[in-house]
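Source file: model-v6.txt; contents: compact mmCIF, C-alpha atoms.
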```txt
# COMPACT_ATOMS: atom_id res chain seq x y z
CA MET D 1 -16.22 -6.07 -62.21
CA PHE D 2 -14.30 -3.00 -60.97
CA SER D 3 -15.60 0.53 -61.44
CA ALA D 4 -12.26 2.34 -61.41
CA PRO D 5 -8.82 1.52 -62.81
CA VAL D 6 -7.20 2.01 -59.41
CA TYR D 7 -8.92 -1.14 -58.16
CA ILE D 8 -7.86 -3.10 -61.23
CA ARG D 9 -4.25 -1.94 -60.86
CA GLY D 10 -4.21 -2.73 -57.15
CA SER D 11 -5.63 -6.22 -57.61
CA VAL D 12 -3.26 -7.06 -60.49
CA LYS D 13 -0.28 -5.73 -58.53
CA ASN D 14 -1.21 -7.77 -55.44
CA CYS D 15 -1.70 -10.94 -57.50
CA ALA D 16 1.57 -10.42 -59.38
CA THR D 17 3.46 -9.82 -56.14
CA LEU D 18 1.90 -12.89 -54.51
CA LEU D 19 2.82 -15.06 -57.51
CA LYS D 20 6.32 -13.51 -57.61
CA LEU D 21 5.95 -12.35 -61.22
CA ASP D 22 7.64 -9.36 -62.88
CA VAL D 23 5.42 -6.63 -61.39
CA PRO D 24 6.77 -3.63 -63.42
CA ALA D 25 6.32 -5.49 -66.73
CA ILE D 26 2.81 -6.64 -65.85
CA MET D 27 1.83 -3.14 -64.70
CA ALA D 28 3.17 -1.62 -67.93
CA ALA D 29 1.17 -4.13 -69.98
CA LEU D 30 -1.92 -3.40 -67.88
CA ASN D 31 -1.53 0.37 -68.41
CA VAL D 32 -1.36 -0.17 -72.18
CA GLU D 33 -4.45 -2.39 -72.04
CA LEU D 34 -6.42 0.07 -69.91
CA GLY D 35 -5.39 2.97 -72.16
CA GLN D 36 -7.05 1.24 -75.12
CA THR D 37 -10.34 0.80 -73.31
CA GLU D 38 -12.66 3.80 -73.60
CA LYS D 39 -14.17 3.24 -70.15
CA PHE D 40 -10.82 3.29 -68.35
CA LYS D 41 -8.97 5.79 -70.55
CA GLU D 42 -9.50 8.64 -68.07
CA PRO D 43 -9.95 8.34 -64.32
CA PRO D 44 -13.54 8.71 -63.13
CA PRO D 45 -14.54 11.91 -61.33
CA PHE D 46 -14.51 11.80 -57.55
CA THR D 47 -18.12 12.92 -57.33
CA GLU D 48 -20.88 13.53 -59.77
CA GLU D 49 -21.40 17.19 -60.59
CA SER D 50 -24.43 18.48 -58.74
CA ASN D 51 -25.25 22.15 -58.28
CA THR D 52 -28.58 22.07 -56.49
CA VAL D 53 -29.54 24.56 -53.81
CA VAL D 54 -29.27 21.88 -51.13
CA ASP D 55 -25.72 21.00 -52.23
CA ARG D 56 -24.64 24.64 -52.11
CA LEU D 57 -26.28 25.15 -48.71
CA MET D 58 -24.59 22.05 -47.29
CA PHE D 59 -21.24 23.23 -48.65
CA LEU D 60 -21.67 26.63 -46.99
CA LEU D 61 -22.74 25.04 -43.70
CA ALA D 62 -19.73 22.73 -43.79
CA ARG D 63 -17.41 25.71 -44.15
CA LEU D 64 -19.13 27.70 -41.38
CA ASN D 65 -17.10 28.50 -38.27
CA TRP D 66 -19.52 27.23 -35.62
CA LYS D 67 -18.33 29.62 -32.91
CA ILE D 68 -19.08 32.64 -35.08
CA GLY D 69 -22.29 31.05 -36.35
CA LEU D 70 -23.50 30.37 -32.82
CA VAL D 71 -22.84 33.96 -31.72
CA GLY D 72 -24.48 35.32 -34.88
CA GLY D 73 -27.50 33.03 -34.47
CA ALA D 74 -27.91 34.05 -30.83
CA ALA D 75 -27.70 37.74 -31.76
CA LEU D 76 -30.27 37.24 -34.52
CA GLY D 77 -32.57 35.37 -32.12
CA ILE D 78 -32.35 38.11 -29.49
CA PHE D 79 -33.01 40.77 -32.12
CA LEU D 80 -36.11 38.92 -33.36
CA ILE D 81 -37.45 38.47 -29.83
CA VAL D 82 -36.97 42.18 -29.02
CA ALA D 83 -38.55 43.24 -32.34
CA LEU D 84 -41.59 41.00 -31.88
CA ALA D 85 -42.01 42.13 -28.26
CA GLY D 86 -41.87 45.77 -29.41
CA LEU D 87 -44.49 45.18 -32.08
CA ALA D 88 -46.77 43.38 -29.61
CA TRP D 89 -46.36 46.16 -27.04
CA ARG D 90 -47.12 48.87 -29.62
CA HIS D 91 -50.21 47.00 -30.81
CA HIS D 92 -51.37 46.45 -27.22
CA LYS D 93 -50.76 50.10 -26.28
CA HIS D 94 -52.79 51.49 -29.19
CA SER D 95 -55.66 49.03 -29.05
CA ASP D 96 -58.89 49.81 -27.18
CA PRO D 97 -60.28 46.72 -25.44
CA LEU D 98 -63.82 48.10 -25.67
CA ALA D 99 -63.63 48.95 -29.35
CA GLY D 100 -66.22 47.17 -31.43
CA LEU D 101 -68.63 46.52 -28.56
CA PRO D 102 -72.17 47.79 -29.07
CA PRO D 103 -73.52 50.49 -26.74
CA ALA D 104 -75.11 49.00 -23.67
CA VAL D 105 -77.21 49.99 -20.72
CA TYR D 106 -75.97 49.46 -17.19
CA GLN D 107 -78.30 47.40 -15.07
CA SER D 108 -77.58 46.71 -11.44
CA ALA D 109 -77.88 43.15 -10.24
CA SER D 110 -79.94 44.01 -7.13
CA SER D 111 -82.64 46.18 -8.62
CA SER D 112 -84.45 46.54 -11.85
CA GLU D 113 -83.33 50.14 -12.28
CA THR D 114 -81.32 51.00 -15.32
CA LEU D 115 -79.13 53.98 -15.94
CA PRO D 116 -78.80 55.49 -19.41
CA LEU D 117 -75.40 55.86 -21.04
CA PRO D 118 -73.91 59.35 -20.86
CA LYS D 119 -74.22 61.43 -23.96
CA LYS D 120 -71.04 62.37 -25.75
```
Here is a file; write its structure as structure tokens.
Amino acid sequence: MFSAPVYIRGSVKNCATLLKLDVPAIMAALNVELGQTEKFKEPPPFTEESNTVVDRLMFLLARLNWKIGLVGGAALGIFLIVALAGLAWRHHKHSDPLAGLPPAVYQSASSSETLPLPKK
């Protein structure tokens, strides 16, 4: 019925007090009885042991000082934005927009004359 001896002890103590019985004697008898039972010999653990990555991460996040974490996160975000902008600028600066286009001949829209491309 109960999963932990603390609930059993509390219920027995409340019932014994309500019925005006000898509470210390009943509690001593209950302790002897619970000590003989394998299930209630030792108190149950507070939580089940779990060492997954998510549990460790949640533990670290729970211990994090949010003021320091917020400042650190903002600094990291600014650094990433500046680094990505620098990479984009460098790529844009060194790229030729006409690279990869085939050679072409200029043709004016008003006449059918064409001009040849200059020789290199």
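The nearest approach to Met27 in chain D among the residues D:Tyr7, D:Val12, D:Ala62, D:Lys39, with only C-alpha atoms taken into account, belongs to D:Val12.
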### Task
Go ahead and compute the interatomic distance for CA of Asn51 in chain D and CA of Arg63 in chain D, in Å to one decimal.
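The value is 16.5 Å.
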As JSON, what would the box around range 61-68 of chain D look like: edges along x, y and z, 8 Å added on every side, centre and edge lengths in Å to one decimal?
```
{"center_x": -19.9, "center_y": 27.7, "center_z": -38.5, "size_x": 21.6, "size_y": 25.9, "size_z": 27.2}
```
### Task
For CA of Glu49 in chain D and CA of Val6 in chain D, determine how far apart the two atoms are, in Å to one decimal place.
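That distance, rounded to one decimal, is 20.8 Å.
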#### Entry: Using only C-alpha atoms: which of D:Phe40, D:Leu21, D:Gly72, D:Leu64 has the shortest distance to Ile8 in chain D
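Using only C-alpha atoms, the shortest distance to Ile8 in chain D belongs to D:Phe40.
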### Query
Suppose you want the space between CA of Val32 in chain D and CA of Pro5 in chain D; what is it in Å?
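Result for CA of Val32 in chain D versus CA of Pro5 in chain D: 12.1 Å, one decimal.
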I'd like the contact shell of Val23 in chain D - 7 Å cut-off, all atoms listed in the file, skipping same-chain residues fewer than 6 positions apart - returned as a PDB file with C-alpha atoms, in the frame of the given file.
```pdb
ATOM      1  CA  LYS D  13      -0.280  -5.730 -58.530  1.00  0.00           C
ATOM      2  CA  ALA D  16       1.570 -10.420 -59.380  1.00  0.00           C
ATOM      3  CA  THR D  17       3.460  -9.820 -56.140  1.00  0.00           C
TER       4      THR D  17
END
```
Coordinate excerpt as a PDB file, in the first residue's frame: range 59-94 of chain D, N, CA, C and O atoms:
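And here's selection06.pdb as it stands now:
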```pdb
ATOM      1  N   PHE D  59      21.536  19.495 -14.818  1.00  0.00           N
ATOM      2  CA  PHE D  59      22.162  19.830 -13.542  1.00  0.00           C
ATOM      3  C   PHE D  59      23.059  21.050 -13.687  1.00  0.00           C
ATOM      4  O   PHE D  59      23.028  21.966 -12.855  1.00  0.00           O
ATOM      5  N   LEU D  60      23.854  21.097 -14.762  1.00  0.00           N
ATOM      6  CA  LEU D  60      24.723  22.247 -14.980  1.00  0.00           C
ATOM      7  C   LEU D  60      23.920  23.515 -15.253  1.00  0.00           C
ATOM      8  O   LEU D  60      24.272  24.597 -14.773  1.00  0.00           O
ATOM      9  N   LEU D  61      22.837  23.404 -16.014  1.00  0.00           N
ATOM     10  CA  LEU D  61      22.007  24.570 -16.282  1.00  0.00           C
ATOM     11  C   LEU D  61      21.302  25.072 -15.023  1.00  0.00           C
ATOM     12  O   LEU D  61      21.089  26.262 -14.858  1.00  0.00           O
ATOM     13  N   ALA D  62      20.950  24.148 -14.131  1.00  0.00           N
ATOM     14  CA  ALA D  62      20.300  24.549 -12.884  1.00  0.00           C
ATOM     15  C   ALA D  62      21.263  25.302 -11.972  1.00  0.00           C
ATOM     16  O   ALA D  62      20.848  26.171 -11.213  1.00  0.00           O
ATOM     17  N   ARG D  63      22.543  24.987 -12.062  1.00  0.00           N
ATOM     18  CA  ARG D  63      23.537  25.646 -11.221  1.00  0.00           C
ATOM     19  C   ARG D  63      24.092  26.920 -11.852  1.00  0.00           C
ATOM     20  O   ARG D  63      24.864  27.632 -11.224  1.00  0.00           O
ATOM     21  N   LEU D  64      23.699  27.227 -13.085  1.00  0.00           N
ATOM     22  CA  LEU D  64      24.231  28.368 -13.810  1.00  0.00           C
ATOM     23  C   LEU D  64      23.723  29.673 -13.214  1.00  0.00           C
ATOM     24  O   LEU D  64      22.539  29.821 -12.937  1.00  0.00           O
ATOM     25  N   ASN D  65      24.625  30.620 -13.017  1.00  0.00           N
ATOM     26  CA  ASN D  65      24.242  31.967 -12.607  1.00  0.00           C
ATOM     27  C   ASN D  65      23.742  32.667 -13.867  1.00  0.00           C
ATOM     28  O   ASN D  65      24.504  32.927 -14.797  1.00  0.00           O
ATOM     29  N   TRP D  66      22.454  32.988 -13.919  1.00  0.00           N
ATOM     30  CA  TRP D  66      21.846  33.466 -15.153  1.00  0.00           C
ATOM     31  C   TRP D  66      22.358  34.840 -15.564  1.00  0.00           C
ATOM     32  O   TRP D  66      22.352  35.175 -16.744  1.00  0.00           O
ATOM     33  N   LYS D  67      22.802  35.655 -14.641  1.00  0.00           N
ATOM     34  CA  LYS D  67      23.349  36.963 -15.018  1.00  0.00           C
ATOM     35  C   LYS D  67      24.646  36.773 -15.799  1.00  0.00           C
ATOM     36  O   LYS D  67      24.859  37.386 -16.835  1.00  0.00           O
ATOM     37  N   ILE D  68      25.509  35.907 -15.285  1.00  0.00           N
ATOM     38  CA  ILE D  68      26.776  35.641 -15.971  1.00  0.00           C
ATOM     39  C   ILE D  68      26.515  34.899 -17.274  1.00  0.00           C
ATOM     40  O   ILE D  68      27.142  35.176 -18.300  1.00  0.00           O
ATOM     41  N   GLY D  69      25.583  33.976 -17.270  1.00  0.00           N
ATOM     42  CA  GLY D  69      25.257  33.227 -18.479  1.00  0.00           C
ATOM     43  C   GLY D  69      24.685  34.120 -19.566  1.00  0.00           C
ATOM     44  O   GLY D  69      24.985  33.942 -20.749  1.00  0.00           O
ATOM     45  N   LEU D  70      23.872  35.084 -19.187  1.00  0.00           N
ATOM     46  CA  LEU D  70      23.285  36.001 -20.156  1.00  0.00           C
ATOM     47  C   LEU D  70      24.363  36.877 -20.786  1.00  0.00           C
ATOM     48  O   LEU D  70      24.395  37.067 -22.002  1.00  0.00           O
ATOM     49  N   VAL D  71      25.272  37.403 -19.963  1.00  0.00           N
ATOM     50  CA  VAL D  71      26.366  38.230 -20.486  1.00  0.00           C
ATOM     51  C   VAL D  71      27.265  37.383 -21.385  1.00  0.00           C
ATOM     52  O   VAL D  71      27.664  37.821 -22.473  1.00  0.00           O
ATOM     53  N   GLY D  72      27.599  36.175 -20.954  1.00  0.00           N
ATOM     54  CA  GLY D  72      28.441  35.298 -21.765  1.00  0.00           C
ATOM     55  C   GLY D  72      27.766  34.916 -23.075  1.00  0.00           C
ATOM     56  O   GLY D  72      28.408  34.883 -24.130  1.00  0.00           O
ATOM     57  N   GLY D  73      26.477  34.621 -23.030  1.00  0.00           N
ATOM     58  CA  GLY D  73      25.741  34.278 -24.246  1.00  0.00           C
ATOM     59  C   GLY D  73      25.663  35.450 -25.212  1.00  0.00           C
ATOM     60  O   GLY D  73      25.791  35.280 -26.421  1.00  0.00           O
ATOM     61  N   ALA D  74      25.461  36.656 -24.678  1.00  0.00           N
ATOM     62  CA  ALA D  74      25.426  37.844 -25.535  1.00  0.00           C
ATOM     63  C   ALA D  74      26.789  38.083 -26.173  1.00  0.00           C
ATOM     64  O   ALA D  74      26.877  38.404 -27.369  1.00  0.00           O
ATOM     65  N   ALA D  75      27.850  37.923 -25.400  1.00  0.00           N
ATOM     66  CA  ALA D  75      29.204  38.104 -25.944  1.00  0.00           C
ATOM     67  C   ALA D  75      29.489  37.068 -27.023  1.00  0.00           C
ATOM     68  O   ALA D  75      30.059  37.393 -28.071  1.00  0.00           O
ATOM     69  N   LEU D  76      29.094  35.830 -26.795  1.00  0.00           N
ATOM     70  CA  LEU D  76      29.286  34.782 -27.790  1.00  0.00           C
ATOM     71  C   LEU D  76      28.489  35.080 -29.055  1.00  0.00           C
ATOM     72  O   LEU D  76      28.980  34.900 -30.172  1.00  0.00           O
ATOM     73  N   GLY D  77      27.255  35.556 -28.899  1.00  0.00           N
ATOM     74  CA  GLY D  77      26.426  35.900 -30.051  1.00  0.00           C
ATOM     75  C   GLY D  77      27.025  37.032 -30.865  1.00  0.00           C
ATOM     76  O   GLY D  77      27.059  36.969 -32.104  1.00  0.00           O
ATOM     77  N   ILE D  78      27.514  38.067 -30.192  1.00  0.00           N
ATOM     78  CA  ILE D  78      28.147  39.187 -30.901  1.00  0.00           C
ATOM     79  C   ILE D  78      29.394  38.714 -31.630  1.00  0.00           C
ATOM     80  O   ILE D  78      29.640  39.097 -32.782  1.00  0.00           O
ATOM     81  N   PHE D  79      30.192  37.884 -30.977  1.00  0.00           N
ATOM     82  CA  PHE D  79      31.400  37.357 -31.617  1.00  0.00           C
ATOM     83  C   PHE D  79      31.048  36.571 -32.873  1.00  0.00           C
ATOM     84  O   PHE D  79      31.703  36.719 -33.917  1.00  0.00           O
ATOM     85  N   LEU D  80      30.029  35.720 -32.803  1.00  0.00           N
ATOM     86  CA  LEU D  80      29.635  34.927 -33.969  1.00  0.00           C
ATOM     87  C   LEU D  80      29.128  35.807 -35.105  1.00  0.00           C
ATOM     88  O   LEU D  80      29.444  35.565 -36.281  1.00  0.00           O
ATOM     89  N   ILE D  81      28.374  36.838 -34.782  1.00  0.00           N
ATOM     90  CA  ILE D  81      27.866  37.742 -35.815  1.00  0.00           C
ATOM     91  C   ILE D  81      29.018  38.466 -36.501  1.00  0.00           C
ATOM     92  O   ILE D  81      29.070  38.561 -37.726  1.00  0.00           O
ATOM     93  N   VAL D  82      29.972  38.970 -35.713  1.00  0.00           N
ATOM     94  CA  VAL D  82      31.127  39.676 -36.288  1.00  0.00           C
ATOM     95  C   VAL D  82      31.965  38.718 -37.132  1.00  0.00           C
ATOM     96  O   VAL D  82      32.412  39.072 -38.232  1.00  0.00           O
ATOM     97  N   ALA D  83      32.184  37.494 -36.660  1.00  0.00           N
ATOM     98  CA  ALA D  83      32.988  36.535 -37.412  1.00  0.00           C
ATOM     99  C   ALA D  83      32.310  36.164 -38.728  1.00  0.00           C
ATOM    100  O   ALA D  83      32.969  36.120 -39.782  1.00  0.00           O
ATOM    101  N   LEU D  84      31.017  35.912 -38.705  1.00  0.00           N
ATOM    102  CA  LEU D  84      30.309  35.569 -39.936  1.00  0.00           C
ATOM    103  C   LEU D  84      30.260  36.743 -40.904  1.00  0.00           C
ATOM    104  O   LEU D  84      30.386  36.558 -42.116  1.00  0.00           O
ATOM    105  N   ALA D  85      30.098  37.965 -40.387  1.00  0.00           N
ATOM    106  CA  ALA D  85      30.111  39.144 -41.254  1.00  0.00           C
ATOM    107  C   ALA D  85      31.488  39.320 -41.891  1.00  0.00           C
ATOM    108  O   ALA D  85      31.594  39.666 -43.075  1.00  0.00           O
ATOM    109  N   GLY D  86      32.556  39.082 -41.133  1.00  0.00           N
ATOM    110  CA  GLY D  86      33.908  39.175 -41.684  1.00  0.00           C
ATOM    111  C   GLY D  86      34.150  38.150 -42.774  1.00  0.00           C
ATOM    112  O   GLY D  86      34.742  38.467 -43.816  1.00  0.00           O
ATOM    113  N   LEU D  87      33.709  36.937 -42.553  1.00  0.00           N
ATOM    114  CA  LEU D  87      33.862  35.894 -43.577  1.00  0.00           C
ATOM    115  C   LEU D  87      33.065  36.241 -44.838  1.00  0.00           C
ATOM    116  O   LEU D  87      33.555  36.055 -45.961  1.00  0.00           O
ATOM    117  N   ALA D  88      31.858  36.733 -44.674  1.00  0.00           N
ATOM    118  CA  ALA D  88      31.039  37.103 -45.831  1.00  0.00           C
ATOM    119  C   ALA D  88      31.676  38.262 -46.585  1.00  0.00           C
ATOM    120  O   ALA D  88      31.698  38.271 -47.820  1.00  0.00           O
ATOM    121  N   TRP D  89      32.207  39.249 -45.862  1.00  0.00           N
ATOM    122  CA  TRP D  89      32.849  40.386 -46.506  1.00  0.00           C
ATOM    123  C   TRP D  89      34.096  39.946 -47.277  1.00  0.00           C
ATOM    124  O   TRP D  89      34.322  40.386 -48.398  1.00  0.00           O
ATOM    125  N   ARG D  90      34.905  39.081 -46.675  1.00  0.00           N
ATOM    126  CA  ARG D  90      36.116  38.602 -47.335  1.00  0.00           C
ATOM    127  C   ARG D  90      35.770  37.810 -48.601  1.00  0.00           C
ATOM    128  O   ARG D  90      36.395  37.969 -49.634  1.00  0.00           O
ATOM    129  N   HIS D  91      34.740  36.972 -48.511  1.00  0.00           N
ATOM    130  CA  HIS D  91      34.322  36.205 -49.678  1.00  0.00           C
ATOM    131  C   HIS D  91      33.797  37.138 -50.765  1.00  0.00           C
ATOM    132  O   HIS D  91      34.091  36.961 -51.949  1.00  0.00           O
ATOM    133  N   HIS D  92      33.021  38.143 -50.384  1.00  0.00           N
ATOM    134  CA  HIS D  92      32.460  39.085 -51.343  1.00  0.00           C
ATOM    135  C   HIS D  92      33.567  39.919 -51.985  1.00  0.00           C
ATOM    136  O   HIS D  92      33.524  40.196 -53.177  1.00  0.00           O
ATOM    137  N   LYS D  93      34.554  40.313 -51.213  1.00  0.00           N
ATOM    138  CA  LYS D  93      35.646  41.162 -51.706  1.00  0.00           C
ATOM    139  C   LYS D  93      36.507  40.420 -52.725  1.00  0.00           C
ATOM    140  O   LYS D  93      36.961  41.008 -53.705  1.00  0.00           O
ATOM    141  N   HIS D  94      36.740  39.146 -52.537  1.00  0.00           N
ATOM    142  CA  HIS D  94      37.612  38.380 -53.413  1.00  0.00           C
ATOM    143  C   HIS D  94      36.868  37.697 -54.560  1.00  0.00           C
ATOM    144  O   HIS D  94      37.501  37.077 -55.407  1.00  0.00           O
TER     145      HIS D  94
END
```
